[in-house]
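For reference, my_file.txt is printed below; it contains compact mmCIF, C-alpha atoms.
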# COMPACT_ATOMS: atom_id res chain seq x y z
CA MET A 1 -29.53 -7.20 8.36
CA ALA A 2 -28.83 -10.50 6.59
CA PRO A 3 -25.67 -12.41 7.63
CA SER A 4 -24.12 -12.02 4.16
CA GLN A 5 -24.59 -8.26 4.37
CA GLN A 6 -23.02 -8.18 7.83
CA GLY A 7 -19.94 -9.93 6.47
CA SER A 8 -19.55 -7.47 3.62
CA GLU A 9 -20.04 -4.57 6.06
CA ALA A 10 -17.20 -5.94 8.21
CA GLU A 11 -14.98 -6.32 5.14
CA LYS A 12 -15.61 -2.69 4.19
CA ALA A 13 -14.75 -1.59 7.72
CA LYS A 14 -11.24 -3.13 7.65
CA TRP A 15 -8.36 -0.72 7.88
CA LYS A 16 -5.93 -1.01 4.99
CA GLY A 17 -2.57 0.62 4.57
CA LYS A 18 0.75 0.56 2.79
CA ALA A 19 4.23 1.64 3.79
CA THR A 20 7.27 1.77 1.52
CA THR A 21 10.92 2.60 1.98
CA GLU A 22 14.06 2.45 -0.09
CA VAL A 23 17.22 0.64 0.88
CA LYS A 24 19.90 2.56 -0.99
CA GLY A 25 22.93 0.71 -2.28
CA ALA A 26 21.47 -2.72 -1.54
CA LYS A 27 20.27 -5.17 -4.14
CA ALA A 28 16.78 -6.62 -3.79
CA GLU A 29 18.30 -10.10 -3.52
CA GLN A 30 20.44 -9.03 -0.53
CA VAL A 31 17.54 -7.44 1.35
CA TRP A 32 15.27 -10.38 0.56
CA LEU A 33 17.71 -12.79 2.23
CA LEU A 34 17.43 -10.75 5.44
CA LEU A 35 13.66 -10.28 5.27
CA GLU A 36 12.70 -13.86 4.41
CA ASP A 37 14.15 -15.10 7.73
CA PHE A 38 10.68 -15.24 9.32
CA PHE A 39 12.03 -16.04 12.78
CA GLY A 40 14.61 -13.21 12.62
CA LEU A 41 12.40 -10.11 12.69
CA ASP A 42 13.89 -8.97 16.02
CA LYS A 43 17.16 -8.24 14.21
CA TRP A 44 15.48 -5.48 12.25
CA PHE A 45 12.19 -4.24 13.77
CA PRO A 46 12.63 -1.46 16.37
CA THR A 47 11.81 -2.22 20.02
CA LEU A 48 11.09 -5.87 19.19
CA SER A 49 13.15 -7.73 21.77
CA THR A 50 11.97 -11.27 21.06
CA CYS A 51 11.14 -13.23 17.91
CA ILE A 52 11.31 -16.98 18.36
CA PRO A 53 9.87 -20.03 16.61
CA VAL A 54 6.70 -21.58 18.00
CA GLU A 55 6.18 -24.21 15.32
CA GLY A 56 7.40 -25.19 11.90
CA ILE A 57 10.51 -24.28 9.96
CA SER A 58 11.30 -20.63 9.20
CA GLY A 59 10.33 -19.75 5.65
CA GLN A 60 7.83 -22.57 5.22
CA PRO A 61 4.13 -21.66 5.05
CA GLY A 62 2.39 -22.55 8.29
CA CYS A 63 5.35 -21.77 10.55
CA VAL A 64 4.53 -19.57 13.55
CA ARG A 65 6.68 -17.01 15.37
CA PHE A 66 6.21 -15.38 18.78
CA CYS A 67 7.10 -11.67 18.79
CA ALA A 68 7.26 -9.63 22.01
CA GLY A 69 8.61 -6.49 23.55
CA PHE A 70 7.60 -3.97 20.90
CA LYS A 71 6.11 -0.58 21.73
CA THR A 72 2.88 0.67 20.17
CA PRO A 73 1.73 4.28 19.74
CA LEU A 74 -0.60 3.82 22.73
CA ASP A 75 2.04 2.60 25.19
CA GLY A 76 2.83 5.00 28.00
CA HIS A 77 6.14 5.09 29.85
CA ALA A 78 4.59 3.36 32.86
CA LYS A 79 3.16 0.38 30.94
CA GLN A 80 3.96 -2.83 32.83
CA THR A 81 2.69 -5.55 30.47
CA VAL A 82 4.68 -6.83 27.51
CA ASN A 83 3.09 -6.51 24.06
CA TRP A 84 3.12 -9.77 22.13
CA THR A 85 1.72 -11.47 19.04
CA LYS A 86 1.90 -14.89 17.42
CA GLN A 87 2.27 -14.62 13.65
CA LYS A 88 1.75 -17.32 11.03
CA LEU A 89 3.47 -17.36 7.64
CA LEU A 90 0.69 -17.79 5.07
CA SER A 91 2.66 -17.82 1.83
CA ILE A 92 6.12 -17.10 0.50
CA ASP A 93 7.40 -16.62 -3.05
CA PRO A 94 11.19 -16.21 -3.18
CA ALA A 95 11.16 -15.76 -6.97
CA HIS A 96 9.02 -12.63 -6.58
CA ARG A 97 10.52 -11.73 -3.17
CA THR A 98 7.20 -11.60 -1.33
CA PHE A 99 5.54 -13.21 1.68
CA SER A 100 2.29 -12.86 3.61
CA TYR A 101 1.55 -13.52 7.25
CA SER A 102 -1.30 -13.13 9.73
CA ILE A 103 -1.49 -12.41 13.43
CA VAL A 104 -3.18 -15.44 15.01
CA ASP A 105 -3.01 -14.40 18.67
CA GLY A 106 -1.79 -11.55 20.84
CA ASN A 107 -2.58 -8.89 23.40
CA VAL A 108 -2.52 -5.72 21.27
CA GLY A 109 -6.05 -5.98 19.85
CA PHE A 110 -5.26 -6.92 16.23
CA HIS A 111 -8.01 -9.09 14.74
CA SER A 112 -7.99 -10.43 11.18
CA TYR A 113 -4.58 -8.82 10.61
CA VAL A 114 -2.85 -9.83 7.35
CA SER A 115 0.34 -8.33 5.91
CA THR A 116 2.24 -8.80 2.69
CA LEU A 117 5.85 -7.71 2.34
CA LYS A 118 7.53 -7.33 -1.04
CA VAL A 119 11.03 -6.35 -2.13
CA HIS A 120 11.30 -4.55 -5.49
CA PRO A 121 14.56 -3.76 -7.33
CA LYS A 122 15.26 -0.06 -7.97
CA ALA A 123 17.99 1.75 -9.88
CA GLU A 124 19.81 2.89 -6.70
CA GLY A 125 19.02 -0.14 -4.53
CA CYS A 126 15.63 -1.62 -3.70
CA GLU A 127 12.28 -0.83 -2.12
CA ILE A 128 10.45 -2.70 0.62
CA GLU A 129 6.66 -2.51 0.44
CA TRP A 130 4.49 -3.48 3.42
CA LEU A 131 0.76 -3.88 2.77
CA TYR A 132 -1.57 -4.53 5.69
CA GLU A 133 -5.19 -4.84 6.66
CA VAL A 134 -6.89 -5.37 10.00
CA GLU A 135 -10.23 -4.89 11.67
CA PRO A 136 -10.32 -1.53 13.46
CA VAL A 137 -8.31 -1.76 16.68
CA GLU A 138 -9.98 -0.60 19.89
CA GLY A 139 -8.40 2.59 21.20
CA TRP A 140 -6.40 3.15 18.01
CA LYS A 141 -6.83 5.32 14.95
CA LEU A 142 -5.74 4.16 11.50
CA GLU A 143 -3.10 6.93 11.58
CA TYR A 144 -1.53 5.25 14.66
CA LEU A 145 -1.19 1.96 12.79
CA ASP A 146 0.13 3.71 9.67
CA SER A 147 2.74 5.52 11.77
CA PHE A 148 3.68 2.36 13.71
CA ILE A 149 4.30 0.33 10.55
CA ASP A 150 5.90 3.16 8.57
CA THR A 151 8.31 4.02 11.40
CA GLY A 152 9.12 0.35 11.93
CA LEU A 153 9.79 -0.17 8.23
CA GLN A 154 12.05 2.91 8.02
CA VAL A 155 14.16 1.65 10.94
CA MET A 156 14.25 -1.86 9.46
CA ALA A 157 15.58 -0.46 6.18
CA GLN A 158 18.24 1.61 7.99
CA ARG A 159 19.38 -1.41 10.00
CA MET A 160 19.50 -3.66 6.91
CA GLN A 161 21.38 -1.01 4.94
CA ALA A 162 23.92 -0.60 7.77
CA ALA A 163 24.40 -4.38 8.17
CA LEU A 164 24.94 -4.86 4.44
CA LYS A 165 27.37 -1.92 4.32
CA THR A 166 29.33 -3.36 7.27
CA MET A 167 29.57 -6.71 5.49
CA GLU A 168 30.67 -5.06 2.24
CA GLN A 169 33.35 -3.00 4.00
CA ALA A 170 34.61 -6.02 5.95
CA LEU A 171 34.86 -8.18 2.84
CA THR A 172 36.44 -5.53 0.60
CA PRO A 173 40.22 -6.06 0.45
CA SER A 174 42.31 -3.16 1.76
CA LYS A 175 44.46 -1.39 -0.78

Starting from the file, give its structure as C-alpha cells.
Amino acid sequence: MAPSQQGSEAEKAKWKGKATTEVKGAKAEQVWLLLEDFFGLDKWFPTLSTCIPVEGISGQPGCVRFCAGFKTPLDGHAKQTVNWTKQKLLSIDPAHRTFSYSIVDGNVGFHSYVSTLKVHPKAEGCEIEWLYEVEPVEGWKLEYLDSFIDTGLQVMAQRMQAALKTMEQALTPSK
C-alpha cells in the first residue's frame, strides 16, 4: 500500500464523538468564563485531582497543562498507577466561546487526540458541546470513550451550574 493511502486509512480509522449537555439557568458568557480557564479543569471534571500549568499562560494558544488523577472506564479498584496527560491549547476564540486542545503526552493510550469545546446560548441557559477524535485506544471501545467524556461533561455542567447558583444566591440582597 502506498504511504499516502496508509495515511488516509489511518484518518478513516480515527474514533470521533460528540457530547453535549445543557447548563440550565446559566448564560453562555458565565459558563465560558469558567471553561476558558485552561489550567482550572480540576475544578469541574470528575475524579481529576490535579490540573497545573506546565508552560505558557492559561488561555493563550501553546500553553500546556498537566492533568492527573482521573479514572477511566478501564480502571479497576486495585489500580496503583495514576492516570495522567499533558494537554496543549491549540486555539481559542472567546468571541465564539470555543477552544481546541490536543493531548501531547500521557499514560492512558490516547494518540492524536484533539478536542474542541464550544458554549452555545440557549433559551433556558446554555449548552456545552465537546467534540473529540483520537486514534483507537488499545483495550478500549469507542463506547467507553463516549461514556467517559459524556459522564465527565454532565458532571462538569452540574458543578458549574451549582457554583453559579451559589454565587447568585450569595450576591442577591436579602429582603

The distance between CA of Phe39 (chain A) and CA of Val137 (chain A) is 25.2 Å

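One finds CA of Trp130 (chain A) at 5.5 Å from CA of Lys18 (chain A).
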
Residues within 9 Å of Val23 (chain A), please, as a ChimeraX atom specification. Count only C-alpha atoms; anything in the same chain fewer than 3 positions from it doesn't count. /A:26-28,31,124-128,157-158,160-161

What are the closest atom pairs, with distances in Å to one decimal, for all residues of region 73-157 of chain A lying within 9 Å of region 47-60 of chain A? Consider only C-alpha atoms, order rows by chain and residue number, and present the result as JSON lines.
{"residue": "A:Lys86", "atom": "CA", "partner": "A:Val54", "partner_atom": "CA", "distance": 8.3}
{"residue": "A:Leu89", "atom": "CA", "partner": "A:Gln60", "partner_atom": "CA", "distance": 7.2}
{"residue": "A:Leu90", "atom": "CA", "partner": "A:Gln60", "partner_atom": "CA", "distance": 8.6}
{"residue": "A:Ser91", "atom": "CA", "partner": "A:Gln60", "partner_atom": "CA", "distance": 7.8}
{"residue": "A:Ile92", "atom": "CA", "partner": "A:Gly59", "partner_atom": "CA", "distance": 7.2}
{"residue": "A:Gly152", "atom": "CA", "partner": "A:Thr47", "partner_atom": "CA", "distance": 8.9}

Between A:Leu145, A:Ala95, A:Ala162, A:Leu153, which is the closest to Leu41 (chain A) once you count all atoms listed in the file?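 Closest residue, counting all atoms listed in the file: A:Leu153.
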
What's the separation between CA of Val104 (chain A) and CA of Cys63 (chain A), in Å to one decimal place?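 Computing it gives 11.5 Å between the two atoms.
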
Let me make sure I understand: among A:Val108, A:Thr166, A:Thr21, A:Thr116, which one has the smallest atom-to-atom distance to Glu138 (chain A) if we use only C-alpha atoms? A:Val108

Nearest to Phe70 (chain A), restricted to all atoms listed in the file and choosing among A:Glu29, A:Glu135, A:Asp105, A:Asp42, comes out as A:Asp42

What would the list of residues within 10 Å of (0.5, 4.6, -0.7) (file frame) look like as a list in words, if all atoms listed in the file are what count? Gly17, Lys18, Ala19, Thr20, Glu129, Trp130 and Leu131 of chain A

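Nearest residue to Leu117 (chain A) among A:Leu35, A:Lys141, A:Gln154, A:Lys14 is A:Leu35, counting all atoms listed in the file.
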
Between A:Ala170, A:Val119, A:Ser102, A:Gly109, which residue has the minimum interatomic distance to Glu133 (chain A), considering only C-alpha atoms? A:Ser102

Nearest to Trp15 (chain A) among A:Thr172, A:Ala123, A:Ala163, A:Ser112, with distances taken over all atoms listed in the file: which residue is it?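 Result for the nearest residue to Trp15 (chain A): A:Ser112.
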